[in-house]
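*Asks:* A single structure is presented below for examination.
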Amino acid sequence: MGSNDEDDSGSIVVINDYEDSQPATPPMEQPMVVGAAAAQAPIISSYNDKIRPLLDVIDRLRLLNVMKEGIQLPTIVVVGDQSSGKSSVLESLAGVNLPRSQGICTRVPLIIRLQNHARPRPELYLEYNGKMVPVEEPQIATAINIATDEVAGSGKSISDIPLTLVVRKDGVPDLTMVDLPGITRVPVHGQPDNIYEQIRDIIMQYITPKESIILNVLSATVDFSTCESIRMSQQVDKNGERTLAVVTKVDRAPEGLADKVTADDVNIGLGYVCVRNRIGDESYEEARKEEARLFETNAHLSCIDKSIVGVHVLAEKLVQIQANAIAKCLPEIVKNISAKLDANVSELEKMPKALTSIADATQAMMRIIQAAKESLKKLLWRGEFEEYPEDNTKHGTARFVEMLNRFSDELHNCEESNLSKDFLTEEIKGLEEAKGIELPNFLPSEAFLRIFRRKVERISYLPIKFTEKCWDYIDNVVLSVLTRHLEMYYHLKVSAKGAAHNLVQKLREQSINRVKEIVEMEKLTAYTCNPDYMMEWNELMKQQEHFINQISGTNMCLRPCSVNLEGFGEIQVEHLRQHSNVSILQQAFGLKMRMVAYWKIFKELMGPDGHGIEMMLVESPAVVAKREKLKNSIKVLKESKDSVAKIMDRIVVYDAYLV
């Protein structure tokens, strides 16, 4: 591919602009620059000073895991088929040794952060599982293998949990890249049968975002169109607008390579770079010298345009493409961070406040119960359905009418409602059975009662069945409403639903018993009424007379300082004697007993000493996790926003520099 072809790509134009800004080199001396000078000089020039601040911001955002918040960052993603030379390319860029082995040597995404600095001693460390591990340069491969085993497990399985390798070294380009597992279709011993699908999913996760730059590593020994990495990248970047190809192993198949990279049958929009990687025990300096010699002397390779050969060219292109992508995406990143931050803050504000005391818990509980009570009144009493406009099953009054209509139909259609069937047969039989001494022309009351009772008995199952259906419906509505109002408080939801269900079942039983009593009253022409509340209140009121007498007795010597009441214990009463009006004391005692009767029932939900409320208001693990996730997300987004804000003014300077 010639230099004129490169001018067709926006990113490549920037590269040419950068090259044009450097001191001019006479045309005849150009090969020497590519050869000897390039072999001796650092991979990339001091141009890093202009790019480093931009890359630092993106690295900071990546360290904050802002991508978990849905904020995509410009990322160079390195992909390639197994044994394509992918690791060797990264070694040449980083100047360090990476793990090598037969089969898959990269089992987790490896984020490689290269930072050029002039200190004589390199600084290298690994970041994974929340820790930072310093590494000596000769032990990098071993340290990466150990970290990989910790993340992905020993063996040959893979994981999508990334490691980060930071390399601060003189002469390396300022780049951040993500090395992904090499693509293989056939699992080897120890690998899962779906190893291809696992690798494919990881690769697609990284290359799908439009912000990703795809560095596709291809072996010169194969037909590019058959490479699986090409097929995957074309799925997300059909025109190759964000794909750069690196051709390795050029020394093994030099013939026809110039035509392959010039023809570009696989749509590589950012162009090709042909490289020779380090072989055997070569030092990186020796490898670069040999690379320069190969592209100058090989009959097939020397005809390839010098602007697309060599590791140093690859480094320059990657730095330029990365810088352009960051400058282009940064305003959108700022916008997305702000939008996500505002949304999370708004969502957090809508969540109920965390409760820190029994008083807070009690107040919140009463507020929730009152809201649930109001919802039930609307649904079951007033016929207001705005809270459940689409859920007809919650429209209580309408459903009650339906059930009542069905009950009426069943009554009218039952056998006892057929007045013409066996006309007078039962009445005659009843009169015969009731014969006895009686006044003439007086209907025996016993005959009437016997017939009436039998008829009532035969239809008595219908009102009971109707009552059971009504209470089953009420139980479902009550539990559904409570679930909605108590969703944020798991323990309270469980306890309240249990208490509500028990209460509904108790009322259900009372209601059914009441219906049975009504049926019996129809038989006996009498009725009774026995609600729990009145029973409790009447029981408590039995102590009223004794209590009042102890306070207002006329004998000053016999009036005690305290009175023992069942259910209360010893009560100090001296302060009550200032009230001479016995009627007031009686009314107060009655009011107190009503409150006690009410709270005795309510305590079933509260638990002893109010601790039941505190326990029930403990939030569910899901809500706690969501609150913490939102807090952490907001913290990350705020830090990200601050980091980006500090660099935004540099974009203007950078743009001016490019021009």
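Numbering starts fresh at 1 for the residues of each chain in the structure tokens, the chains themselves are lettered A, B, ... in the order given, and ligands are numbered from 1 as they appear.
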For A:Leu257, work out the shell of residues within 12 Å, counting only C-alpha atoms and skipping chain neighbours fewer than 4 positions away, then give it as a count of residues only.
*Replies:* 33
*Asks:* Neighbouring residues of stretch 335-340 of chain A were defined as those with any atom within 7 Å, considering only C-alpha atoms; residues of the same chain fewer than 2 positions away were excluded. Please report them as a list in words.
*Replies:*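 So, after excluding close chain neighbours, the residues are Ile71, Pro331, Glu332, Ile333, Asp342, Ala343, Asn344, Leu637 and Lys641 of chain A.
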*Asks:* Would you pick out the contacts of A:Glu628 at 12 Å or less, using only C-alpha atoms, so that residues sharing its chain but fewer than 4 positions from it are not included, and give the list as a compact mmCIF listing (two decimals) with C-alpha atoms, in the first residue's frame?
*Replies:*
```txt
# COMPACT_ATOMS: atom_id res chain seq x y z
CA ASN A 344 -27.88 7.52 39.26
CA LEU A 348 -30.67 7.08 44.57
CA MET A 351 -34.90 5.18 47.07
CA ALA A 354 -31.53 4.05 55.07
CA PRO A 621 -29.67 -7.87 50.35
CA ALA A 622 -30.70 -6.90 46.82
CA VAL A 623 -31.68 -3.37 47.91
CA VAL A 624 -28.52 -2.96 50.01
CA ASN A 632 -19.98 3.38 44.11
CA SER A 633 -21.16 4.19 40.60
CA ILE A 634 -21.75 7.83 41.52
CA LYS A 635 -18.32 8.00 43.14
```
*Asks:* Once you count only C-alpha atoms, what closest atom pair and distance in Å to one decimal does each residue of stretch 182-260 of chain A within 7 Å of stretch 75-98 of chain A have, with rows by chain and rising residue number, as a Markdown table?
*Replies:*
```
| residue | atom | partner | partner_atom | distance |
| --- | --- | --- | --- | --- |
| A:Gly182 | CA | A:Gln82 | CA | 4.4 |
| A:Ile183 | CA | A:Asp81 | CA | 4.5 |
| A:Thr184 | CA | A:Gln82 | CA | 5.8 |
| A:Tyr206 | CA | A:Val77 | CA | 6.9 |
| A:Ile207 | CA | A:Val77 | CA | 6.7 |
| A:Glu211 | CA | A:Thr75 | CA | 6.8 |
| A:Ser212 | CA | A:Thr75 | CA | 4.8 |
| A:Ile213 | CA | A:Ile76 | CA | 4.6 |
| A:Ile214 | CA | A:Val77 | CA | 5.0 |
| A:Leu215 | CA | A:Val78 | CA | 4.7 |
| A:Asn216 | CA | A:Val79 | CA | 5.2 |
| A:Val217 | CA | A:Gly80 | CA | 4.9 |
| A:Leu218 | CA | A:Ser84 | CA | 5.8 |
| A:Ser219 | CA | A:Ser84 | CA | 5.1 |
| A:Cys227 | CA | A:Asp81 | CA | 6.8 |
| A:Glu228 | CA | A:Asp81 | CA | 6.3 |
| A:Ser229 | CA | A:Gly80 | CA | 5.2 |
| A:Thr248 | CA | A:Gly85 | CA | 6.2 |
```
*Asks:* Rounded to one decimal, what separation in Å do you get between atom CA of A:Met204 and atom CA of A:Val57?
*Replies:*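 Computing it gives 24.8 Å between the two atoms.
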*Asks:* Give me the residues near A:Thr393 as a list in words, where near means some atom within 12 Å (using only C-alpha atoms) and where sequence neighbours in that chain fewer than 6 positions away do not count.
*Replies:*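 What passes the distance filter is Leu379, Leu380, Phe385, Arg399, Phe400, Glu402, Tyr473, Ile474, Asn476, Val477, Ser480 and Val481 of chain A.
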*Asks:* Write the residues you've just listed into a file as a compact mmCIF listing (two decimals), in the first residue's frame, and include C-alpha atoms for each of them.
*Replies:*
```txt
# COMPACT_ATOMS: atom_id res chain seq x y z
CA LEU A 379 -59.27 -1.10 45.77
CA LEU A 380 -61.66 -2.91 48.08
CA PHE A 385 -58.05 1.86 40.62
CA ARG A 399 -64.70 -8.31 41.38
CA PHE A 400 -66.93 -8.40 44.48
CA GLU A 402 -69.03 -10.37 39.95
CA TYR A 473 -59.56 -12.84 46.84
CA ILE A 474 -58.98 -10.38 49.69
CA ASN A 476 -54.40 -12.21 47.36
CA VAL A 477 -55.02 -8.47 47.03
CA SER A 480 -49.97 -8.12 46.53
CA VAL A 481 -50.41 -4.58 47.84
```
*Asks:* So how many Å separate atom CA of A:Val478 and atom CA of A:Ile518, to one decimal?
*Replies:*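 Answer for the atom CA of A:Val478 to atom CA of A:Ile518 separation: 26.4 Å.
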